[in-house]
$ cat protein03.csv   # CSV, C-alpha atoms and all ligand atoms
chain,number,residue,atom,x,y,z
A,1,MET,CA,0.0,0.0,0.0
A,2,LYS,CA,1.5,3.4,-1.0
A,3,LEU,CA,1.1,6.2,1.5
A,4,THR,CA,1.7,9.9,1.1
A,5,SER,CA,4.4,11.3,3.4
A,6,HIS,CA,1.9,12.9,5.7
A,7,ARG,CA,-0.2,9.8,6.0
A,8,SER,CA,3.0,7.7,6.5
A,9,ASN,CA,4.1,10.0,9.3
A,10,MET,CA,0.7,10.0,10.9
A,11,LEU,CA,0.7,6.2,10.7
A,12,LYS,CA,4.1,6.0,12.4
A,13,PHE,CA,2.9,8.4,15.1
A,14,LYS,CA,-0.3,6.4,15.7
A,15,LEU,CA,1.7,3.1,15.7
A,16,ALA,CA,4.2,4.5,18.2
A,17,LEU,CA,1.4,5.7,20.4
A,18,ALA,CA,-0.4,2.3,20.1
A,19,LEU,CA,2.8,0.5,21.0
A,20,VAL,CA,3.2,2.5,24.2
A,21,CYS,CA,-0.4,1.9,25.1
A,22,PHE,CA,0.1,-1.8,24.2
A,23,ALA,CA,3.1,-2.3,26.5
A,24,GLN,CA,1.6,-0.2,29.3
A,25,SER,CA,-1.7,-2.2,29.3
A,26,LEU,CA,0.3,-5.4,29.8
A,27,CYS,CA,2.6,-4.0,32.4
A,28,VAL,CA,0.1,-4.8,35.2
A,29,ALA,CA,1.7,-8.3,34.9
A,30,GLN,CA,4.5,-7.2,37.2
A,31,ASP,CA,1.9,-7.2,40.1
A,32,SER,CA,0.8,-10.7,39.4
A,33,PRO,CA,2.7,-13.1,41.7
A,34,PRO,CA,3.6,-16.6,40.5
A,35,SER,CA,1.2,-19.2,41.6
A,36,THR,CA,4.0,-21.9,41.9
A,37,ASN,CA,6.1,-22.3,45.0
A,38,ALA,CA,9.2,-21.1,43.3
A,39,LYS,CA,9.7,-17.4,43.4
A,40,PRO,CA,11.7,-15.3,40.8
A,41,ALA,CA,15.2,-14.6,42.0
A,42,ALA,CA,16.3,-11.0,42.4
A,43,GLY,CA,17.3,-9.7,39.0
A,44,SER,CA,15.0,-11.8,36.9
A,45,LYS,CA,11.8,-9.8,37.5
A,46,PRO,CA,10.4,-7.5,34.8
A,47,VAL,CA,11.6,-3.9,35.2
A,48,PHE,CA,9.5,-0.9,34.2
A,49,VAL,CA,10.6,2.7,33.8
A,50,ASP,CA,7.9,5.3,33.1
A,51,GLY,CA,5.5,2.5,32.3
A,52,LEU,CA,7.8,0.9,29.7
A,53,ALA,CA,9.4,-2.5,30.0
A,54,GLN,CA,13.2,-2.5,30.1
A,55,VAL,CA,15.7,-5.1,28.9
A,56,VAL,CA,16.6,-7.4,31.8
A,57,GLU,CA,19.9,-9.3,31.7
A,58,ALA,CA,18.3,-12.6,32.8
A,59,PHE,CA,15.9,-12.5,29.9
A,60,LYS,CA,18.4,-11.8,27.1
A,61,SER,CA,19.4,-15.4,26.4
A,62,ASP,CA,18.6,-19.1,27.2
A,63,TRP,CA,15.0,-18.7,26.0
A,64,VAL,CA,12.6,-21.6,26.3
A,65,GLN,CA,11.1,-22.5,22.9
A,66,HIS,CA,8.4,-25.1,22.3
A,67,ASP,CA,5.6,-25.9,19.9
A,68,LEU,CA,2.1,-27.3,20.7
A,69,PHE,CA,-1.4,-27.7,19.3
A,70,VAL,CA,-4.3,-25.9,20.8
A,71,GLU,CA,-7.8,-27.4,20.6
A,72,THR,CA,-10.4,-25.1,19.1
A,73,GLU,CA,-14.2,-25.1,19.3
A,74,PHE,CA,-14.8,-25.8,15.6
A,75,ASP,CA,-14.5,-28.5,12.9
A,76,SER,CA,-13.8,-26.5,9.8
A,77,ASP,CA,-12.4,-29.4,7.8
A,78,GLN,CA,-15.5,-31.5,8.6
A,79,ASP,CA,-13.7,-34.6,9.6
A,80,GLY,CA,-15.8,-35.1,12.8
A,81,LYS,CA,-13.1,-33.8,15.2
A,82,VAL,CA,-12.5,-30.3,16.4
A,83,ASP,CA,-9.5,-28.7,14.7
A,84,ARG,CA,-6.2,-28.1,16.5
A,85,VAL,CA,-4.0,-25.1,15.6
A,86,HIS,CA,-0.2,-25.0,15.6
A,87,VAL,CA,1.3,-22.7,18.2
A,88,SER,CA,4.9,-21.8,19.0
A,89,VAL,CA,6.0,-20.3,22.3
A,90,THR,CA,9.2,-18.4,23.1
A,91,ARG,CA,9.7,-17.2,26.7
A,92,PRO,CA,12.4,-16.1,29.1
A,93,ASN,CA,14.2,-18.9,30.9
A,94,PRO,CA,13.1,-17.9,34.4
A,95,THR,CA,9.6,-18.9,33.5
A,96,GLN,CA,10.9,-22.4,33.5
A,97,THR,CA,13.4,-22.3,36.3
A,98,GLU,CA,12.0,-19.8,38.8
A,99,GLY,CA,8.2,-19.9,38.4
A,100,LEU,CA,8.2,-16.4,36.8
A,101,LYS,CA,4.9,-15.6,35.1
A,102,VAL,CA,4.9,-13.3,32.1
A,103,PRO,CA,2.4,-11.6,29.7
A,104,VAL,CA,2.2,-12.5,26.0
A,105,ILE,CA,2.8,-10.7,22.8
A,106,TYR,CA,0.8,-12.8,20.3
A,107,GLN,CA,0.6,-12.8,16.6
A,108,SER,CA,-1.5,-15.1,14.4
A,109,SER,CA,-1.0,-15.5,10.7
A,110,PRO,CA,-1.8,-17.6,7.6
A,111,TYR,CA,1.7,-16.8,6.3
A,112,TYR,CA,4.0,-18.8,8.6
A,113,ALA,CA,4.4,-21.8,6.4
A,114,GLY,CA,4.8,-20.2,3.0
A,115,MET,CA,2.6,-18.4,0.5
A,116,GLY,CA,1.3,-19.0,-3.0
A,117,SER,CA,1.8,-17.3,-6.3
A,118,THR,CA,1.3,-13.6,-7.1
A,119,SER,CA,2.0,-14.0,-10.8
A,120,PRO,CA,-0.4,-12.3,-13.2
A,121,GLU,CA,-1.4,-15.5,-14.8
A,122,HIS,CA,-2.9,-16.7,-11.5
A,123,MET,CA,-5.0,-13.6,-11.1
A,124,TRP,CA,-8.3,-12.8,-12.8
A,125,SER,CA,-7.7,-10.7,-15.9
A,126,PRO,CA,-9.8,-7.5,-15.8
A,127,ARG,CA,-9.5,-7.1,-19.6
A,128,GLN,CA,-12.9,-8.4,-20.7
A,129,ASN,CA,-16.1,-7.1,-22.2
A,130,LEU,CA,-19.2,-6.5,-20.1
A,131,ASN,CA,-21.6,-9.5,-19.9
A,132,SER,CA,-19.0,-11.9,-21.2
A,133,PRO,CA,-17.6,-14.8,-19.3
A,134,PRO,CA,-14.4,-14.0,-17.5
A,135,PRO,CA,-11.2,-15.3,-19.1
A,136,LYS,CA,-9.9,-18.4,-17.3
A,137,HIS,CA,-6.8,-18.1,-15.2
A,138,ALA,CA,-4.2,-20.8,-14.5
A,139,THR,CA,-4.4,-22.8,-11.4
A,140,PRO,CA,-1.4,-21.8,-9.1
A,141,PRO,CA,1.0,-24.5,-8.0
A,142,ALA,CA,0.5,-25.9,-4.6
A,143,ILE,CA,2.4,-24.2,-1.8
A,144,PRO,CA,5.3,-26.5,-0.6
A,145,GLN,CA,5.4,-26.9,3.2
A,146,GLU,CA,8.5,-25.2,4.3
A,147,SER,CA,8.9,-26.0,8.0
A,148,LYS,CA,7.7,-27.9,11.0
A,149,ARG,CA,7.6,-24.7,13.0
A,150,PRO,CA,5.8,-21.5,12.2
A,151,ARG,CA,8.1,-18.9,10.6
A,152,LEU,CA,8.8,-16.8,13.7
A,153,ASN,CA,8.9,-13.0,13.7
A,154,GLY,CA,12.5,-12.4,14.7
A,155,GLU,CA,11.9,-8.7,15.4
A,156,HIS,CA,9.2,-9.5,18.0
A,157,LEU,CA,11.4,-12.1,19.6
A,158,ALA,CA,14.4,-9.7,19.8
A,159,GLU,CA,12.3,-6.8,21.1
A,160,TRP,CA,9.9,-8.4,23.6
A,161,VAL,CA,11.4,-11.5,25.2
A,162,PRO,CA,14.4,-9.6,26.7
A,163,ARG,CA,11.8,-7.2,28.2
A,164,GLY,CA,10.0,-10.0,30.1
A,165,PHE,CA,7.3,-11.1,27.6
A,166,ALA,CA,6.6,-14.4,26.0
A,167,VAL,CA,6.1,-14.2,22.2
A,168,VAL,CA,3.5,-16.6,20.8
A,169,HIS,CA,2.8,-17.4,17.2
A,170,SER,CA,-0.1,-19.4,15.8
A,171,SER,CA,-0.8,-20.6,12.2
A,172,SER,CA,-4.3,-19.9,11.0
A,173,PRO,CA,-6.6,-22.9,10.3
A,174,GLY,CA,-5.7,-24.8,7.2
A,175,THR,CA,-2.2,-23.2,7.0
A,176,GLY,CA,1.1,-24.7,8.1
A,177,LEU,CA,0.6,-27.6,10.5
A,178,SER,CA,-2.8,-26.2,11.8
A,179,GLN,CA,-5.7,-28.4,11.1
A,180,GLY,CA,-8.9,-27.1,9.4
A,181,CYS,CA,-9.9,-25.5,6.2
A,182,PRO,CA,-9.0,-21.9,5.3
A,183,THR,CA,-12.0,-19.6,5.3
A,184,VAL,CA,-10.9,-16.1,4.4
A,185,GLY,CA,-12.8,-13.9,6.9
A,186,GLY,CA,-14.8,-16.8,8.2
A,187,PRO,CA,-15.8,-17.5,11.8
A,188,ASN,CA,-12.9,-19.9,12.4
A,189,GLU,CA,-10.4,-17.0,11.8
A,190,SER,CA,-11.9,-15.3,14.9
A,191,LEU,CA,-12.3,-18.5,17.0
A,192,ALA,CA,-8.8,-19.9,16.3
A,193,PRO,CA,-6.9,-17.0,18.1
A,194,LYS,CA,-9.6,-17.0,20.7
A,195,ALA,CA,-8.8,-20.6,21.4
A,196,VAL,CA,-5.1,-19.8,21.8
A,197,ILE,CA,-5.9,-16.9,24.3
A,198,ASP,CA,-8.3,-19.3,26.1
A,199,TRP,CA,-5.3,-21.8,26.4
A,200,LEU,CA,-3.1,-19.1,27.7
A,201,ASN,CA,-5.7,-18.5,30.4
A,202,GLY,CA,-6.3,-22.2,31.2
A,203,ARG,CA,-9.7,-22.4,29.6
A,204,ALA,CA,-8.7,-24.5,26.5
A,205,ARG,CA,-6.5,-27.6,26.1
A,206,GLY,CA,-3.1,-27.7,24.4
A,207,PHE,CA,-1.4,-30.9,23.3
A,208,THR,CA,2.2,-31.8,22.4
A,209,SER,CA,1.1,-33.3,19.1
A,210,VAL,CA,-1.6,-32.7,16.5
A,211,ASP,CA,-3.4,-36.0,17.4
A,212,GLY,CA,-2.1,-37.1,20.8
A,213,ASN,CA,-3.4,-36.8,24.3
A,214,GLU,CA,-0.4,-35.4,26.2
A,215,GLU,CA,-1.5,-32.0,27.5
A,216,VAL,CA,0.6,-28.8,27.7
A,217,LYS,CA,-0.4,-26.1,30.2
A,218,ALA,CA,0.5,-22.4,30.0
A,219,ASP,CA,1.3,-22.2,33.7
A,220,TRP,CA,4.0,-19.6,33.0
A,221,CYS,CA,1.5,-17.0,31.7
A,222,THR,CA,-0.2,-14.2,33.6
A,223,GLY,CA,-3.1,-14.6,31.2
A,224,LYS,CA,-2.7,-11.1,29.8
A,225,VAL,CA,-2.3,-11.0,26.1
A,226,GLY,CA,-1.6,-8.3,23.5
A,227,MET,CA,-2.0,-9.0,19.8
A,228,ILE,CA,-0.1,-7.3,17.1
A,229,GLY,CA,0.1,-7.7,13.3
A,230,THR,CA,0.2,-5.9,9.9
A,231,SER,CA,-2.2,-6.4,7.0
A,232,TYR,CA,-3.8,-9.9,7.2
A,233,ASN,CA,-2.1,-10.4,10.6
A,234,GLY,CA,-3.7,-7.1,11.8
A,235,THR,CA,-7.0,-8.2,10.5
A,236,LEU,CA,-6.7,-11.3,12.7
A,237,CYS,CA,-6.2,-9.0,15.7
A,238,LEU,CA,-9.5,-7.4,15.0
A,239,ALA,CA,-11.1,-10.8,14.4
A,240,ALA,CA,-9.9,-12.1,17.8
A,241,ALA,CA,-11.0,-8.9,19.6
A,242,THR,CA,-14.6,-9.2,18.2
A,243,THR,CA,-15.0,-12.4,20.2
A,244,GLY,CA,-14.6,-10.4,23.5
A,245,VAL,CA,-12.3,-13.1,24.8
A,246,ASP,CA,-11.1,-12.6,28.4
A,247,GLY,CA,-7.4,-11.9,28.6
A,248,LEU,CA,-7.0,-10.1,25.3
A,249,GLU,CA,-6.0,-6.7,26.9
A,250,CYS,CA,-5.1,-4.8,23.8
A,251,ILE,CA,-4.4,-5.0,20.0
A,252,VAL,CA,-2.2,-3.2,17.5
A,253,PRO,CA,-3.7,-3.9,14.1
A,254,VAL,CA,-1.5,-2.1,11.6
A,255,ALA,CA,-3.2,-1.5,8.2
A,256,PRO,CA,-5.8,-4.2,8.8
A,257,ASN,CA,-8.6,-5.1,6.5
A,258,THR,CA,-11.9,-4.2,8.1
A,259,SER,CA,-14.3,-5.4,5.3
A,260,TYR,CA,-13.6,-8.0,2.7
A,261,TYR,CA,-16.4,-6.6,0.6
A,262,HIS,CA,-14.9,-3.2,0.5
A,263,TYR,CA,-11.4,-4.7,0.0
A,264,TYR,CA,-12.5,-6.3,-3.2
A,265,ARG,CA,-15.5,-4.2,-4.4
A,266,SER,CA,-16.6,-0.6,-4.6
A,267,ASN,CA,-20.3,0.0,-5.2
A,268,GLY,CA,-20.5,-3.4,-6.9
A,269,LEU,CA,-17.5,-2.9,-9.2
A,270,VAL,CA,-14.3,-4.8,-8.8
A,271,ARG,CA,-11.3,-3.0,-7.3
A,272,HIS,CA,-7.8,-4.4,-7.1
A,273,PRO,CA,-6.3,-4.2,-3.6
A,274,GLY,CA,-2.7,-3.4,-2.9
A,275,GLY,CA,-1.7,-3.3,-6.5
A,276,TYR,CA,-2.5,-6.9,-7.2
A,277,MET,CA,-4.4,-6.5,-10.4
A,278,GLY,CA,-7.0,-9.3,-10.7
A,279,GLU,CA,-6.9,-10.5,-7.1
A,280,ASP,CA,-10.1,-11.8,-5.7
A,281,ILE,CA,-11.0,-13.7,-2.5
A,282,ASP,CA,-10.5,-17.1,-4.2
A,283,VAL,CA,-7.0,-16.0,-5.3
A,284,LEU,CA,-6.3,-15.1,-1.6
A,285,TYR,CA,-7.6,-18.6,-0.6
A,286,ASP,CA,-5.0,-20.2,-2.9
A,287,PHE,CA,-2.3,-17.8,-1.7
A,288,ILE,CA,-2.7,-18.9,2.0
A,289,HIS,CA,-3.6,-22.6,1.5
A,290,SER,CA,-0.3,-24.0,2.9
A,291,GLY,CA,-2.0,-26.5,5.1
A,292,LEU,CA,-1.4,-30.3,5.5
A,293,GLN,CA,-1.0,-31.9,2.1
A,294,HIS,CA,-3.4,-34.8,2.6
A,295,PRO,CA,-6.7,-32.9,3.1
A,296,ARG,CA,-6.0,-30.1,0.5
A,297,ARG,CA,-7.9,-31.9,-2.3
A,298,TRP,CA,-10.9,-32.4,0.1
A,299,HIS,CA,-10.8,-28.7,1.0
A,300,ALA,CA,-10.7,-27.7,-2.7
A,301,GLN,CA,-13.3,-30.1,-4.1
A,302,GLU,CA,-15.8,-30.3,-1.2
A,303,LEU,CA,-15.5,-27.4,1.2
A,304,ARG,CA,-14.4,-24.6,-1.0
A,305,PRO,CA,-17.4,-24.7,-3.4
A,306,ASN,CA,-19.7,-24.9,-0.3
A,307,GLN,CA,-18.4,-22.1,1.7
A,308,ARG,CA,-21.9,-20.8,2.6
A,309,ARG,CA,-22.8,-24.2,4.1
A,310,LEU,CA,-19.5,-24.3,5.9
A,311,GLN,CA,-20.1,-20.8,7.2
A,312,ARG,CA,-23.4,-21.9,8.7
A,313,ILE,CA,-21.8,-24.9,10.3
A,314,LEU,CA,-19.0,-22.8,11.8
A,315,GLU,CA,-21.5,-20.2,13.1
A,316,LYS,CA,-23.0,-23.0,15.2
A,317,SER,CA,-19.6,-23.8,16.8
A,318,ARG,CA,-19.5,-24.1,20.6
A,319,LEU,CA,-18.9,-20.5,21.5
A,320,HIS,CA,-17.5,-19.8,24.9
A,321,PRO,CA,-20.0,-17.6,26.9
A,322,SER,CA,-17.5,-14.7,26.8
A,323,THR,CA,-17.8,-14.5,23.0
A,324,ARG,CA,-21.5,-13.9,23.0
A,325,GLN,CA,-22.6,-10.3,22.6
A,326,ASP,CA,-25.5,-8.9,24.6
A,327,GLU,CA,-28.3,-7.7,22.3
A,328,GLY,CA,-27.8,-4.1,21.5
A,329,SER,CA,-24.2,-4.0,22.6
A,330,THR,CA,-21.3,-2.9,20.5
A,331,PRO,CA,-20.2,-5.6,18.0
A,332,TYR,CA,-16.7,-5.2,19.3
A,333,GLY,CA,-15.2,-6.6,22.4
A,334,PRO,CA,-13.9,-4.7,25.5
A,335,CYS,CA,-10.4,-4.8,24.0
A,336,LEU,CA,-11.5,-2.5,21.1
A,337,GLN,CA,-13.4,-0.3,23.5
A,338,ARG,CA,-10.2,0.2,25.4
A,339,LEU,CA,-8.3,1.0,22.2
A,340,GLU,CA,-10.9,3.6,21.3
A,341,ARG,CA,-10.5,5.2,24.7
A,342,HIS,CA,-6.7,5.3,24.2
A,343,ALA,CA,-7.2,6.9,20.8
A,344,ARG,CA,-9.4,9.7,22.3
A,345,THR,CA,-7.0,10.6,25.1
B,401,CA,CA,-11.6,-31.2,12.1
$ encode --input "protein03.csv" --output "structure tokens" --more "lines below"
Ligand SMILES: [Ca+2]
Amino acid sequence: MKLTSHRSNMLKFKLALALVCFAQSLCVAQDSPPSTNAKPAAGSKPVFVDGLAQVVEAFKSDWVQHDLFVETEFDSDQDGKVDRVHVSVTRPNPTQTEGLKVPVIYQSSPYYAGMGSTSPEHMWSPRQNLNSPPPKHATPPAIPQESKRPRLNGEHLAEWVPRGFAVVHSSSPGTGLSQGCPTVGGPNESLAPKAVIDWLNGRARGFTSVDGNEEVKADWCTGKVGMIGTSYNGTLCLAAATTGVDGLECIVPVAPNTSYYHYYRSNGLVRHPGGYMGEDIDVLYDFIHSGLQHPRRWHAQELRPNQRRLQRILEKSRLHPSTRQDEGSTPYGPCLQRLERHART
């Protein structure tokens, strides 16, 4: 997205302001004592100056890093079992050795395991006459699975873990090693990050494997979570916040998409987002469909052509009571309300 200089500066200012609010809203974690018997040794506690988290020597190295699979509340691939999403955790070592509890910087994305083609031949050509069938476009090649771990955001790790935060990544349903079928903008894109935040607060189950029964607890977490992301990853911040899930204290959605209709259409006419001439939502589906190889054909042949039916099924997912909105209330959760208050002050 191209921005004018003024808009770019304003965006940087708002982002800087949001980041300060973001860190400050999680800082209350310093007052949360560990529930385990072990107590943090002197020197391995978070340090805050003027409300900002400082780099602590004990947090600069020897990080604990592990992957797990969090059980969601939906079955978007329709195999009769609730989907599990792939999660990666990086946290300061004292969370393992001294019972220290820390808040979480969380980012969810469909991009952690590779992306599809952006070549013009895989887009819809806009060069056609009115009332004529659209020219066909080539089927893009399948996305090769790159890694057994989500592609981690090194900047977030370097910035936040030394300051006493855990950094958590999760792959969107149907991408990477996460189970499920991708639904661009569908209910499972809201419910998947909600499940991860529920796990961080002890309300959902995590497992060491995608199909095993060995559980993993987030007993190192204060339960306070901030989400951050740009573009699609920022959209997922908004998606999670609309569930009103307890524990999501703040979000920093940078240049998010707030309406897929307006992203692709303008008063009924096609528009081309971000300079990708001929992109439409089905192109985006192919672009993010990096999930497990085996079920991809099932997704493409059975689920993708019946997205409306799948949407109805997902909307009946077992929603946690915290996700239900009271009639007449704002469609956004308390997290967004706090963000609005920050923006006004
Ligand atoms: Ca399933």
$ residues_near_ligand --input "protein03.csv" --ligand "ligand CA 401 (chain B)" --cutoff "12 Å" --atoms "all atoms listed in the file" --output "PyMOL selection string"
chain A and resi 71-85+173-174+178-182+188+210-211+295+299+314+317
$ residues_around --input "protein03.csv" --residues "Pro256 of chain A" --least-positions-apart "2" --cutoff "12 Å" --atoms "all atoms listed in the file" --output "PyMOL selection string"
chain A and resi 1+228-239+251-254+258-260+263
$ closest_residue --input "protein03.csv" --among "A:His122, A:Lys136, A:Arg205, A:Lys45" --to "Arg163 of chain A" --atoms "only C-alpha atoms"
A:Lys45
$ atom_distance --input "protein03.csv" --atom1 "atom CA of Gly202 of chain A" --atom2 "atom CA of Thr90 of chain A"
17.9 Å
$ closest_atom_pairs --input "protein03.csv" --of "segment 152-229 of chain A" --to "segment 98-117 of chain A" --cutoff "7 Å" --atoms "only C-alpha atoms" --output "tab-separated table"
residue	atom	partner	partner_atom	distance
A:Gly164	CA	A:Val102	CA	6.4
A:Phe165	CA	A:Pro103	CA	5.4
A:Ala166	CA	A:Val104	CA	4.8
A:Val167	CA	A:Ile105	CA	4.8
A:Val168	CA	A:Tyr106	CA	4.7
A:His169	CA	A:Gln107	CA	5.1
A:Ser170	CA	A:Ser108	CA	4.7
A:Ser171	CA	A:Ser109	CA	5.3
A:Ser172	CA	A:Pro110	CA	4.8
A:Thr175	CA	A:Pro110	CA	5.6
A:Gly176	CA	A:Ala113	CA	4.7
A:Pro193	CA	A:Ser108	CA	6.8
A:Trp220	CA	A:Lys101	CA	4.6
A:Cys221	CA	A:Lys101	CA	5.0
A:Thr222	CA	A:Pro103	CA	5.4
A:Gly223	CA	A:Pro103	CA	6.4
A:Lys224	CA	A:Pro103	CA	5.1
A:Val225	CA	A:Val104	CA	4.7
A:Gly226	CA	A:Ile105	CA	5.1
A:Met227	CA	A:Tyr106	CA	4.7
A:Ile228	CA	A:Gln107	CA	5.6
A:Gly229	CA	A:Gln107	CA	6.1
$ write_last_selection --input "protein03.csv" --atoms "C-alpha atoms" --output "PDB file, keeping the file's coordinate frame"
ATOM      1  CA  GLY A 164      10.000 -10.000  30.100  1.00  0.00           C
ATOM      2  CA  PHE A 165       7.300 -11.100  27.600  1.00  0.00           C
ATOM      3  CA  ALA A 166       6.600 -14.400  26.000  1.00  0.00           C
ATOM      4  CA  VAL A 167       6.100 -14.200  22.200  1.00  0.00           C
ATOM      5  CA  VAL A 168       3.500 -16.600  20.800  1.00  0.00           C
ATOM      6  CA  HIS A 169       2.800 -17.400  17.200  1.00  0.00           C
ATOM      7  CA  SER A 170      -0.100 -19.400  15.800  1.00  0.00           C
ATOM      8  CA  SER A 171      -0.800 -20.600  12.200  1.00  0.00           C
ATOM      9  CA  SER A 172      -4.300 -19.900  11.000  1.00  0.00           C
ATOM     10  CA  THR A 175      -2.200 -23.200   7.000  1.00  0.00           C
ATOM     11  CA  GLY A 176       1.100 -24.700   8.100  1.00  0.00           C
ATOM     12  CA  PRO A 193      -6.900 -17.000  18.100  1.00  0.00           C
ATOM     13  CA  TRP A 220       4.000 -19.600  33.000  1.00  0.00           C
ATOM     14  CA  CYS A 221       1.500 -17.000  31.700  1.00  0.00           C
ATOM     15  CA  THR A 222      -0.200 -14.200  33.600  1.00  0.00           C
ATOM     16  CA  GLY A 223      -3.100 -14.600  31.200  1.00  0.00           C
ATOM     17  CA  LYS A 224      -2.700 -11.100  29.800  1.00  0.00           C
ATOM     18  CA  VAL A 225      -2.300 -11.000  26.100  1.00  0.00           C
ATOM     19  CA  GLY A 226      -1.600  -8.300  23.500  1.00  0.00           C
ATOM     20  CA  MET A 227      -2.000  -9.000  19.800  1.00  0.00           C
ATOM     21  CA  ILE A 228      -0.100  -7.300  17.100  1.00  0.00           C
ATOM     22  CA  GLY A 229       0.100  -7.700  13.300  1.00  0.00           C
TER      23      GLY A 229
END
$ closest_residue --input "protein03.csv" --among "A:Gln65, A:Ser119, A:Asn257, A:Asn129" --to "Val184 of chain A" --atoms "only C-alpha atoms"
A:Asn257
$ atom_distance --input "protein03.csv" --atom1 "atom CA of Ala195 of chain A" --atom2 "atom CA of Leu152 of chain A"
19.6 Å
$ build_atoms --input "protein03.csv" --residues "segment 129-141 of chain A" --atoms "N, CA and C atoms" --output "PDB file, in the frame of the given file"
ATOM      1  N   ASN A 129     -14.960  -7.874 -21.872  1.00  0.00           N
ATOM      2  CA  ASN A 129     -16.100  -7.100 -22.200  1.00  0.00           C
ATOM      3  C   ASN A 129     -17.239  -7.341 -21.175  1.00  0.00           C
ATOM      4  N   LEU A 130     -18.114  -6.333 -21.008  1.00  0.00           N
ATOM      5  CA  LEU A 130     -19.200  -6.500 -20.100  1.00  0.00           C
ATOM      6  C   LEU A 130     -20.123  -7.651 -20.581  1.00  0.00           C
ATOM      7  N   ASN A 131     -20.712  -8.360 -19.608  1.00  0.00           N
ATOM      8  CA  ASN A 131     -21.600  -9.500 -19.900  1.00  0.00           C
ATOM      9  C   ASN A 131     -21.000 -10.633 -20.626  1.00  0.00           C
ATOM     10  N   SER A 132     -19.706 -10.711 -20.594  1.00  0.00           N
ATOM     11  CA  SER A 132     -19.000 -11.900 -21.200  1.00  0.00           C
ATOM     12  C   SER A 132     -18.379 -12.690 -20.112  1.00  0.00           C
ATOM     13  N   PRO A 133     -18.211 -13.995 -20.344  1.00  0.00           N
ATOM     14  CA  PRO A 133     -17.600 -14.800 -19.300  1.00  0.00           C
ATOM     15  C   PRO A 133     -16.146 -14.353 -19.063  1.00  0.00           C
ATOM     16  N   PRO A 134     -15.732 -14.405 -17.813  1.00  0.00           N
ATOM     17  CA  PRO A 134     -14.400 -14.000 -17.500  1.00  0.00           C
ATOM     18  C   PRO A 134     -13.342 -14.923 -18.128  1.00  0.00           C
ATOM     19  N   PRO A 135     -12.236 -14.402 -18.595  1.00  0.00           N
ATOM     20  CA  PRO A 135     -11.200 -15.300 -19.100  1.00  0.00           C
ATOM     21  C   PRO A 135     -10.680 -16.193 -17.985  1.00  0.00           C
ATOM     22  N   LYS A 136     -10.381 -17.429 -18.332  1.00  0.00           N
ATOM     23  CA  LYS A 136      -9.900 -18.400 -17.300  1.00  0.00           C
ATOM     24  C   LYS A 136      -8.479 -17.952 -16.890  1.00  0.00           C
ATOM     25  N   HIS A 137      -8.147 -18.353 -15.673  1.00  0.00           N
ATOM     26  CA  HIS A 137      -6.800 -18.100 -15.200  1.00  0.00           C
ATOM     27  C   HIS A 137      -6.174 -19.460 -14.802  1.00  0.00           C
ATOM     28  N   ALA A 138      -4.868 -19.532 -14.841  1.00  0.00           N
ATOM     29  CA  ALA A 138      -4.200 -20.800 -14.500  1.00  0.00           C
ATOM     30  C   ALA A 138      -4.285 -21.112 -13.050  1.00  0.00           C
ATOM     31  N   THR A 139      -4.377 -22.390 -12.746  1.00  0.00           N
ATOM     32  CA  THR A 139      -4.400 -22.800 -11.400  1.00  0.00           C
ATOM     33  C   THR A 139      -2.952 -22.681 -10.793  1.00  0.00           C
ATOM     34  N   PRO A 140      -2.807 -21.979  -9.679  1.00  0.00           N
ATOM     35  CA  PRO A 140      -1.400 -21.800  -9.100  1.00  0.00           C
ATOM     36  C   PRO A 140      -0.884 -23.100  -8.601  1.00  0.00           C
ATOM     37  N   PRO A 141       0.420 -23.246  -8.604  1.00  0.00           N
ATOM     38  CA  PRO A 141       1.000 -24.500  -8.000  1.00  0.00           C
ATOM     39  C   PRO A 141       0.789 -24.523  -6.526  1.00  0.00           C
TER      40      PRO A 141
END
